[in-house]
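Engineer: What follows is start.txt, made up of compact mmCIF, C-alpha atoms:
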```txt
# COMPACT_ATOMS: atom_id res chain seq x y z
CA MET A 1 29.47 -12.40 7.73
CA ALA A 2 26.10 -10.65 8.02
CA GLU A 3 24.27 -13.86 7.10
CA HIS A 4 26.33 -15.79 9.64
CA GLY A 5 25.53 -13.21 12.32
CA ALA A 6 21.82 -13.42 11.51
CA HIS A 7 21.91 -17.20 11.95
CA ILE A 8 23.68 -16.90 15.30
CA THR A 9 20.93 -14.67 16.67
CA THR A 10 18.43 -17.53 16.45
CA ALA A 11 18.51 -20.04 19.25
CA SER A 12 17.49 -22.88 17.02
CA ALA A 13 17.13 -26.54 17.76
CA VAL A 14 17.08 -27.25 14.01
CA ASP A 15 20.07 -26.43 11.78
CA ASP A 16 17.99 -25.12 8.85
CA GLN A 17 15.61 -23.05 10.98
CA PRO A 18 15.50 -19.48 9.62
CA ALA A 19 16.23 -16.42 11.72
CA ILE A 20 13.43 -14.23 13.05
CA PHE A 21 14.51 -11.46 10.66
CA GLU A 22 13.87 -13.69 7.65
CA VAL A 23 10.39 -14.83 8.69
CA VAL A 24 9.29 -11.33 9.69
CA ALA A 25 10.63 -9.92 6.41
CA GLN A 26 8.69 -12.41 4.30
CA GLU A 27 5.50 -11.69 6.26
CA SER A 28 5.90 -7.92 5.86
CA LEU A 29 6.42 -8.44 2.13
CA MET A 30 2.96 -9.97 1.67
CA THR A 31 1.46 -7.31 3.93
CA ALA A 32 2.84 -4.59 1.65
CA VAL A 33 1.60 -6.21 -1.57
CA ARG A 34 -2.12 -5.77 -0.86
CA PRO A 35 -2.19 -1.95 -0.39
CA ALA A 36 0.15 -1.55 -3.37
CA LEU A 37 -2.17 -3.52 -5.66
CA HIS A 38 -5.19 -1.76 -4.17
CA HIS A 39 -3.65 1.56 -5.17
CA VAL A 40 -3.01 0.34 -8.73
CA VAL A 41 -6.47 -1.15 -9.38
CA LYS A 42 -8.94 1.41 -10.72
CA GLY A 43 -12.25 1.46 -12.55
CA PHE A 44 -14.83 -1.32 -12.33
CA LEU A 45 -12.29 -3.68 -10.73
CA TRP A 46 -12.22 -1.50 -7.60
CA LYS A 47 -15.58 -2.86 -6.41
CA TRP A 48 -14.42 -6.49 -6.72
CA PHE A 49 -10.86 -5.97 -5.49
CA ASP A 50 -11.18 -8.29 -2.46
CA GLU A 51 -12.52 -11.17 -4.56
CA ILE A 52 -9.91 -10.64 -7.30
CA PHE A 53 -7.11 -10.43 -4.73
CA THR A 54 -8.31 -13.65 -3.04
CA LEU A 55 -8.50 -15.47 -6.38
CA ARG A 56 -5.04 -14.21 -7.30
CA GLY A 57 -3.75 -15.41 -3.93
CA LEU A 58 -5.28 -18.86 -4.37
CA LEU A 59 -3.74 -19.24 -7.82
CA LEU A 60 -0.35 -17.86 -6.85
CA GLN A 61 0.08 -19.65 -3.52
CA GLN A 62 -1.16 -22.99 -4.85
CA HIS A 63 1.36 -22.72 -7.70
CA TYR A 64 4.27 -21.95 -5.39
CA LEU A 65 3.31 -24.52 -2.75
CA SER A 66 3.02 -27.26 -5.36
CA LYS A 67 6.21 -26.29 -7.23
CA THR A 68 8.55 -24.96 -4.52
CA SER A 69 7.01 -26.14 -1.20
CA ALA A 70 6.76 -22.50 -0.12
CA SER A 71 4.50 -19.50 -0.43
CA PHE A 72 5.44 -16.66 -2.76
CA SER A 73 7.11 -14.54 -0.08
CA GLU A 74 8.80 -17.55 1.56
CA ASN A 75 10.29 -18.60 -1.78
CA PHE A 76 11.36 -14.99 -2.39
CA TYR A 77 13.50 -15.17 0.78
CA GLY A 78 14.87 -18.66 0.10
CA LEU A 79 12.63 -20.56 2.54
CA LYS A 80 10.51 -23.69 2.21
CA ARG A 81 7.82 -25.53 4.17
CA ILE A 82 8.82 -28.84 5.71
CA VAL A 83 6.25 -31.42 6.76
CA MET A 84 6.32 -31.92 10.53
CA GLY A 85 7.91 -35.22 11.52
CA ASP A 86 10.25 -35.42 8.52
CA THR A 87 13.85 -35.98 9.52
CA HIS A 88 16.80 -34.61 7.57
CA LYS A 89 17.25 -37.92 5.74
CA LEU A 90 13.57 -38.24 4.79
CA GLN A 91 12.92 -34.61 3.84
CA ARG A 92 11.33 -34.08 0.43
CA LEU A 93 13.03 -31.79 -2.04
CA ALA A 94 11.36 -28.41 -2.41
CA SER A 95 10.73 -29.09 -6.10
CA ALA A 96 8.47 -32.02 -5.15
CA GLY A 97 5.94 -29.66 -3.59
CA LEU A 98 3.92 -30.17 -0.45
CA PRO A 99 1.62 -33.16 0.02
CA LYS A 100 -2.00 -32.32 -0.80
CA LYS A 101 -3.13 -32.31 2.83
CA GLN A 102 -0.49 -29.82 3.97
CA LEU A 103 -0.81 -27.86 0.73
CA TRP A 104 -4.51 -27.08 1.07
CA LYS A 105 -4.20 -26.39 4.79
CA SER A 106 -1.44 -23.90 3.95
CA VAL A 107 -3.61 -22.29 1.27
CA ILE A 108 -6.43 -21.86 3.78
CA PHE A 109 -4.19 -20.18 6.35
CA LEU A 110 -2.28 -18.11 3.76
CA VAL A 111 -5.19 -16.84 1.66
CA LEU A 112 -8.67 -17.57 2.99
CA LEU A 113 -8.11 -16.68 6.65
CA PRO A 114 -6.51 -13.26 5.90
CA SER A 115 -9.32 -12.55 3.42
CA LEU A 116 -11.95 -13.32 6.05
CA LYS A 117 -10.12 -11.06 8.50
CA VAL A 118 -10.18 -8.19 6.00
CA LYS A 119 -13.89 -8.75 5.39
CA LEU A 120 -14.53 -8.76 9.14
CA GLU A 121 -12.64 -5.49 9.60
CA LYS A 122 -14.69 -3.87 6.83
CA LEU A 123 -17.87 -5.17 8.48
CA ILE A 124 -16.77 -3.68 11.80
CA SER A 125 -16.10 -0.33 10.11
CA SER A 126 -19.53 -0.30 8.44
CA LEU A 127 -21.24 -1.28 11.71
CA ARG A 128 -19.54 1.59 13.50
CA GLU A 129 -20.84 4.02 10.88
CA GLU A 130 -24.30 2.47 11.09
CA ASP A 131 -24.20 2.74 14.86
CA GLU A 132 -23.67 6.50 14.59
CA TYR A 133 -26.57 7.05 12.16
CA SER A 134 -28.81 4.11 13.05
CA ILE A 135 -32.60 4.45 13.13
CA HIS A 136 -33.05 1.48 15.49
CA PRO A 137 -34.30 2.45 18.95
CA PRO A 138 -31.60 2.24 21.67
CA THR A 139 -33.39 -0.59 23.48
CA SER A 140 -33.78 -2.90 20.46
CA ARG A 141 -32.07 -6.29 20.69
CA TRP A 142 -30.27 -5.81 17.39
CA LYS A 143 -28.81 -2.51 18.62
CA GLN A 144 -27.67 -4.11 21.87
CA PHE A 145 -26.19 -7.11 20.02
CA TYR A 146 -23.97 -5.29 17.60
CA ARG A 147 -22.98 -2.68 20.19
CA ALA A 148 -21.73 -5.56 22.35
CA PHE A 149 -20.02 -7.01 19.25
CA LEU A 150 -18.32 -3.69 18.51
CA ALA A 151 -17.22 -3.36 22.13
CA ALA A 152 -15.79 -6.91 22.24
CA TYR A 153 -13.98 -6.87 18.87
CA PRO A 154 -10.98 -4.69 19.95
CA PHE A 155 -10.25 -7.12 22.80
CA VAL A 156 -10.57 -10.15 20.51
CA ASN A 157 -8.26 -8.53 17.97
CA MET A 158 -5.77 -7.62 20.70
CA ALA A 159 -5.78 -11.23 21.94
CA TRP A 160 -5.23 -12.45 18.36
CA GLU A 161 -2.26 -10.14 17.80
CA GLY A 162 -0.89 -10.93 21.26
CA TRP A 163 -1.01 -14.64 20.42
CA PHE A 164 1.22 -14.03 17.41
CA LEU A 165 3.58 -11.83 19.45
CA VAL A 166 4.00 -14.45 22.17
CA GLN A 167 4.68 -17.12 19.53
CA GLN A 168 7.37 -14.96 17.94
CA LEU A 169 9.00 -14.36 21.34
CA ARG A 170 9.03 -18.11 22.00
CA TYR A 171 10.55 -18.63 18.55
CA ILE A 172 13.31 -16.09 19.27
CA LEU A 173 14.11 -17.82 22.59
CA GLY A 174 14.23 -21.24 20.90
CA LYS A 175 11.16 -22.55 22.72
CA ALA A 176 9.09 -23.10 19.56
CA GLN A 177 9.66 -24.39 16.04
CA HIS A 178 7.11 -22.00 14.52
CA HIS A 179 7.17 -18.23 14.44
CA SER A 180 3.44 -18.22 13.62
CA PRO A 181 0.72 -20.21 15.41
CA LEU A 182 -0.89 -20.90 12.01
CA LEU A 183 1.97 -23.15 10.85
CA SER A 184 1.33 -25.88 13.42
CA PRO A 185 -2.31 -26.55 12.33
CA ALA A 186 -1.05 -26.75 8.75
CA GLY A 187 1.40 -29.48 9.81
CA VAL A 188 4.52 -27.70 8.53
CA ARG A 189 7.48 -25.68 9.71
CA LEU A 190 9.77 -23.25 7.90
CA GLY A 191 13.31 -24.12 6.84
CA ARG A 192 15.95 -22.78 4.49
CA LEU A 193 16.45 -24.07 0.97
CA THR A 194 19.40 -26.45 0.73
CA VAL A 195 21.86 -26.73 -2.14
CA GLN A 196 20.01 -29.83 -3.36
CA ASP A 197 16.70 -27.91 -3.29
CA ILE A 198 18.12 -25.06 -5.36
CA GLN A 199 19.65 -27.43 -7.89
CA ALA A 200 16.40 -29.40 -8.18
CA LEU A 201 14.36 -26.19 -8.65
CA GLU A 202 16.71 -24.94 -11.35
CA HIS A 203 16.83 -28.23 -13.30
CA LYS A 204 13.28 -29.49 -12.79
CA PRO A 205 12.11 -30.97 -16.11
CA ALA A 206 9.09 -29.17 -17.51
CA GLY A 207 6.12 -31.29 -18.44
CA ALA A 208 7.45 -34.54 -16.96
CA SER A 209 4.41 -34.91 -14.76
CA MET A 210 2.04 -34.53 -17.73
CA VAL A 211 3.14 -37.55 -19.72
CA GLN A 212 0.56 -39.93 -18.31
CA GLN A 213 -2.26 -37.40 -18.07
CA PRO A 214 -5.06 -36.79 -20.57
CA LYS A 215 -4.43 -34.03 -23.09
CA MET A 216 -7.31 -31.88 -21.85
CA LYS A 217 -6.16 -32.07 -18.24
CA SER A 218 -2.54 -31.48 -19.14
CA ALA A 219 -3.46 -28.48 -21.32
CA LEU A 220 -5.53 -27.00 -18.48
CA LYS A 221 -2.68 -27.54 -16.03
CA LEU A 222 -0.26 -25.97 -18.50
CA ALA A 223 -2.49 -22.92 -18.95
CA VAL A 224 -3.00 -22.45 -15.20
CA GLY A 225 0.70 -22.99 -14.55
CA GLY A 226 1.64 -20.49 -17.27
CA ALA A 227 -0.75 -17.89 -15.88
CA ALA A 228 0.61 -18.42 -12.37
CA SER A 229 4.20 -18.20 -13.65
CA CYS A 230 3.51 -14.93 -15.47
CA LEU A 231 1.73 -13.57 -12.41
CA SER A 232 4.54 -14.60 -10.07
CA THR A 233 7.22 -13.13 -12.35
CA GLY A 234 5.39 -9.84 -12.62
CA LEU A 235 4.74 -9.79 -8.90
CA SER A 236 8.41 -10.51 -8.15
CA VAL A 237 9.48 -7.55 -10.28
CA GLY A 238 6.77 -5.40 -8.69
CA VAL A 239 7.86 -6.40 -5.20
CA PHE A 240 11.43 -5.39 -6.01
CA PHE A 241 10.29 -1.90 -7.07
CA LEU A 242 7.92 -1.73 -4.09
CA GLN A 243 10.78 -2.37 -1.67
CA PHE A 244 12.94 0.14 -3.57
CA LEU A 245 10.22 2.80 -3.21
CA GLU A 246 9.85 2.01 0.49
CA TRP A 247 13.60 2.53 0.91
CA TRP A 248 13.56 5.67 -1.25
CA TYR A 249 10.78 7.34 0.72
CA SER A 250 11.93 6.20 4.16
CA SER A 251 12.61 8.91 6.73
CA GLY A 252 16.35 8.23 6.68
CA ASN A 253 16.58 9.14 2.99
CA GLN A 254 14.54 12.34 3.06
CA GLU A 255 17.62 14.56 3.26
CA THR A 256 19.16 12.75 0.29
CA ILE A 257 15.95 13.11 -1.70
CA LYS A 258 15.74 16.82 -0.90
CA SER A 259 19.34 17.38 -1.94
CA LEU A 260 18.74 15.59 -5.26
CA THR A 261 15.34 17.04 -6.13
CA ALA A 262 15.30 20.48 -4.46
CA LEU A 263 15.22 23.47 -6.79
CA PRO A 264 17.43 26.51 -6.16
CA THR A 265 15.87 29.35 -4.21
CA PRO A 266 14.53 31.97 -6.65
CA PRO A 267 15.97 35.48 -6.36
CA PRO A 268 13.81 38.22 -4.78
CA PRO A 269 11.67 40.24 -7.21
CA VAL A 270 13.10 43.44 -8.61
CA PRO A 271 11.49 46.39 -6.76
CA LEU A 272 9.39 48.70 -8.90
CA ASP A 273 9.93 52.42 -9.09
CA TYR A 274 7.50 53.98 -6.63
CA ASN A 275 8.65 57.61 -6.95
CA SER A 276 6.36 60.38 -8.05
CA ASP A 277 7.86 60.48 -11.55
CA SER A 278 6.63 56.99 -12.44
CA PRO A 279 4.17 57.24 -15.37
CA LEU A 280 2.38 54.03 -14.35
CA LEU A 281 1.36 54.68 -10.76
CA PRO A 282 -0.81 57.60 -9.67
CA GLN A 283 0.17 59.62 -6.65
CA MET A 284 -3.17 59.09 -4.93
CA LYS A 285 -3.66 55.56 -3.63
CA THR A 286 -7.40 55.72 -4.30
CA VAL A 287 -6.96 56.40 -8.02
CA CYS A 288 -7.10 53.65 -10.63
CA PRO A 289 -3.84 53.39 -12.61
CA LEU A 290 -5.81 52.83 -15.84
CA CYS A 291 -8.58 55.43 -15.89
CA ARG A 292 -6.84 57.89 -13.48
CA LYS A 293 -10.10 58.38 -11.57
CA ASN A 294 -11.24 57.31 -8.11
CA ARG A 295 -11.65 53.57 -8.16
CA VAL A 296 -15.10 51.99 -8.48
CA ASN A 297 -15.62 48.35 -7.46
CA ASP A 298 -12.06 47.86 -6.25
CA THR A 299 -10.49 44.74 -7.75
CA VAL A 300 -7.00 43.40 -7.06
CA LEU A 301 -4.84 41.31 -9.41
CA ALA A 302 -3.62 38.17 -7.64
CA THR A 303 -0.52 38.06 -9.87
CA SER A 304 0.81 41.49 -8.90
CA GLY A 305 -1.21 42.88 -5.98
CA TYR A 306 -2.22 46.15 -7.64
CA VAL A 307 -5.79 47.49 -7.31
CA PHE A 308 -7.92 48.85 -10.17
CA CYS A 309 -11.50 49.53 -11.09
CA TYR A 310 -13.22 46.30 -11.93
CA ARG A 311 -14.39 47.41 -15.38
CA CYS A 312 -10.99 48.85 -16.31
CA VAL A 313 -8.88 45.87 -15.27
CA PHE A 314 -11.38 43.33 -16.60
CA ASN A 315 -11.31 44.81 -20.11
CA TYR A 316 -7.52 45.21 -20.03
CA VAL A 317 -6.78 41.67 -18.84
CA ARG A 318 -9.26 40.13 -21.27
CA SER A 319 -7.55 41.94 -24.15
CA HIS A 320 -3.86 41.81 -23.13
CA ARG A 321 -3.73 38.84 -20.70
CA ALA A 322 -1.19 40.69 -18.56
CA CYS A 323 -0.98 43.02 -15.57
CA PRO A 324 -1.09 46.69 -16.69
CA ILE A 325 1.70 47.67 -14.26
CA THR A 326 4.12 44.72 -14.13
CA GLY A 327 3.33 42.92 -17.36
CA TYR A 328 3.01 39.59 -15.54
CA PRO A 329 0.89 37.01 -17.43
CA THR A 330 -2.63 37.24 -16.01
CA GLN A 331 -6.01 35.64 -16.64
CA VAL A 332 -9.52 36.81 -15.80
CA GLN A 333 -9.73 34.28 -12.95
CA HIS A 334 -6.92 36.16 -11.19
CA LEU A 335 -9.24 39.12 -10.52
CA ILE A 336 -10.30 39.34 -6.87
CA LYS A 337 -13.11 41.69 -5.82
CA LEU A 338 -12.41 43.76 -2.70
CA TYR A 339 -15.13 44.80 -0.26
CA SER A 340 -14.81 47.74 2.08
CA PRO A 341 -16.04 47.50 5.69
CA GLU A 342 -18.91 49.86 4.82
CA ASN A 343 -20.24 47.34 2.29
```
Starting from the file, give its structure as structure tokens.

Structural biologist:
Amino acid sequence: MAEHGAHITTASAVDDQPAIFEVVAQESLMTAVRPALHHVVKGFLWKWFDEIFTLRGLLLQQHYLSKTSASFSENFYGLKRIVMGDTHKLQRLASAGLPKKQLWKSVIFLVLLPSLKVKLEKLISSLREEDEYSIHPPTSRWKQFYRAFLAAYPFVNMAWEGWFLVQQLRYILGKAQHHSPLLSPAGVRLGRLTVQDIQALEHKPAGASMVQQPKMKSALKLAVGGAASCLSTGLSVGVFFLQFLEWWYSSGNQETIKSLTALPTPPPPVPLDYNSDSPLLPQMKTVCPLCRKNRVNDTVLATSGYVFCYRCVFNYVRSHRACPITGYPTQVQHLIKLYSPEN
């Protein structure tokens, strides 16, 4: 019923056209993958993360587009790319992959264009920092050029994002076949996988396309395909856990998390005996409880709050590793020197 309701919400001129919720979900999936991987990568790979991520994207997306006619996230949500102009009778099965022309155009718009956008945003950020601490004189042409560039970029970026928003609104109203303006230049549109597509993907014979190829080329293709398959499988599992963590830490589940992980409130501390008969505490507040003389170099224990002479409490804590009054475990770093206003 929920799937049927989602399909009704899309005013579609094509029967297999996915709902706006599906296409937005698959786009948000790929958006979430990059920061997750960026958080995982450490060490010397951190410096080359953008290049490694772009190479991974090229390998992964080319594998999926050639094997399933869809990107990784589109295949994850049961979608495929259909060549524009293909009718229902002439549509290729998803297992046949995209034609080379549409495939490489899709790779450019899926991988290279987002990578260039990330690089441009990093360049903008570095230019802003350089603009604050620049040694160029204010009247230099270079200073005027990149100040104008920095001033114009927010408007260009807003126009870019607005273009995508308008296209999505037209898609919701049934006025466009594409939810993204980047699909039309690639010559494809999105559609749902059919029963025939799923059956063909599940029963596609492995290695059938390598029979007539040279051994070296087929071995290279097999190695690249195996690496892409391992990468896609690992990424699929990682995406599942990523979405689970997003759900777990969402604002709506915070009360549930607190109820499951909150520790019970500790009881209040037992009050000490402060009467005059106590053998531990002197009657005069200026007297050290250890040497029973007026304190010198007042020092407080952070673990208990009692004040002693520095020399007395230092020697005691170093020997017994505990507070002289309460017996709380204490280290030398818990000693805090007190200074009077006169000092």

Engineer: Nearest to A:Val195 among A:Ser304, A:Leu93, A:Arg318, A:Ser28, with distances taken over only C-alpha atoms: which residue is it?

Structural biologist: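 Ranked by minimum distance to A:Val195, first place goes to A:Leu93.
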
Engineer: Enter the distance from atom CA of A:Trp163 to atom CA of A:Asp50, in Å, rounded to one decimal.

Structural biologist: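 Going from atom CA of A:Trp163 over to atom CA of A:Asp50, I get 25.8 Å.
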
Engineer: Which one is closest to A:Pro154: A:Ala176, A:Ala96, A:Ile124, A:Val317? Count all atoms listed in the file.

Structural biologist: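 For A:Pro154, the nearest of the given residues is A:Ile124.
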
Engineer: So which residues touch A:Thr303 within 7 Å, counting all atoms listed in the file, skipping near sequence neighbours fewer than 6 positions away, as a VMD selection string?

Structural biologist: chain A and resid 328 330 334

Engineer: For each of A:Phe155, A:Ser66, A:Leu58, A:Asn75, take the minimum atom-to-atom distance to A:Ala25, counting all atoms listed in the file, then give the residue where this is smallest.

Structural biologist: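 Comparing A:Phe155, A:Ser66, A:Leu58, A:Asn75 against A:Ala25, the winner is A:Asn75.
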
Engineer: For stretch 187-189 of chain A, list every protein, DNA or RNA residue within 12 Å, evaluated using all atoms listed in the file, and leave out those in the same chain fewer than 3 positions away; present the list as a ChimeraX atom specification.

Structural biologist: /A:14,16-18,23,65,69-70,74,79-86,91,98-106,109,171,176-184,192

Engineer: What does the structure give for the distance between atom CA of A:Ser95 and atom CA of A:Pro185, in Å to one decimal?

Structural biologist: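 These atoms are spaced 22.7 Å apart.
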
Engineer: Output stretch 330-341 of chain A as a compact mmCIF listing (two decimals), in the frame of the given file, making sure N, CA and C atoms are there.

Structural biologist:
```txt
# COMPACT_ATOMS: atom_id res chain seq x y z
N THR A 330 -1.46 37.21 -16.90
CA THR A 330 -2.63 37.24 -16.01
C THR A 330 -3.86 36.78 -16.78
N GLN A 331 -4.75 36.08 -16.08
CA GLN A 331 -6.01 35.64 -16.64
C GLN A 331 -7.16 36.30 -15.88
N VAL A 332 -8.36 36.19 -16.43
CA VAL A 332 -9.52 36.81 -15.80
C VAL A 332 -9.79 36.21 -14.43
N GLN A 333 -9.48 34.91 -14.25
CA GLN A 333 -9.73 34.28 -12.95
C GLN A 333 -8.80 34.79 -11.84
N HIS A 334 -7.81 35.60 -12.20
CA HIS A 334 -6.92 36.16 -11.19
C HIS A 334 -7.46 37.46 -10.61
N LEU A 335 -8.61 37.91 -11.07
CA LEU A 335 -9.24 39.12 -10.52
C LEU A 335 -9.95 38.78 -9.22
N ILE A 336 -9.70 39.56 -8.18
CA ILE A 336 -10.30 39.34 -6.87
C ILE A 336 -11.00 40.61 -6.44
N LYS A 337 -12.29 40.52 -6.22
CA LYS A 337 -13.11 41.69 -5.82
C LYS A 337 -12.83 42.02 -4.35
N LEU A 338 -12.64 43.29 -4.06
CA LEU A 338 -12.41 43.76 -2.70
C LEU A 338 -13.68 44.44 -2.18
N TYR A 339 -13.95 44.22 -0.89
CA TYR A 339 -15.13 44.80 -0.26
C TYR A 339 -14.68 45.64 0.92
N SER A 340 -15.15 46.86 0.98
CA SER A 340 -14.81 47.74 2.08
C SER A 340 -15.67 47.42 3.29
N PRO A 341 -15.25 47.78 4.49
CA PRO A 341 -16.04 47.50 5.69
C PRO A 341 -17.44 48.11 5.63
```
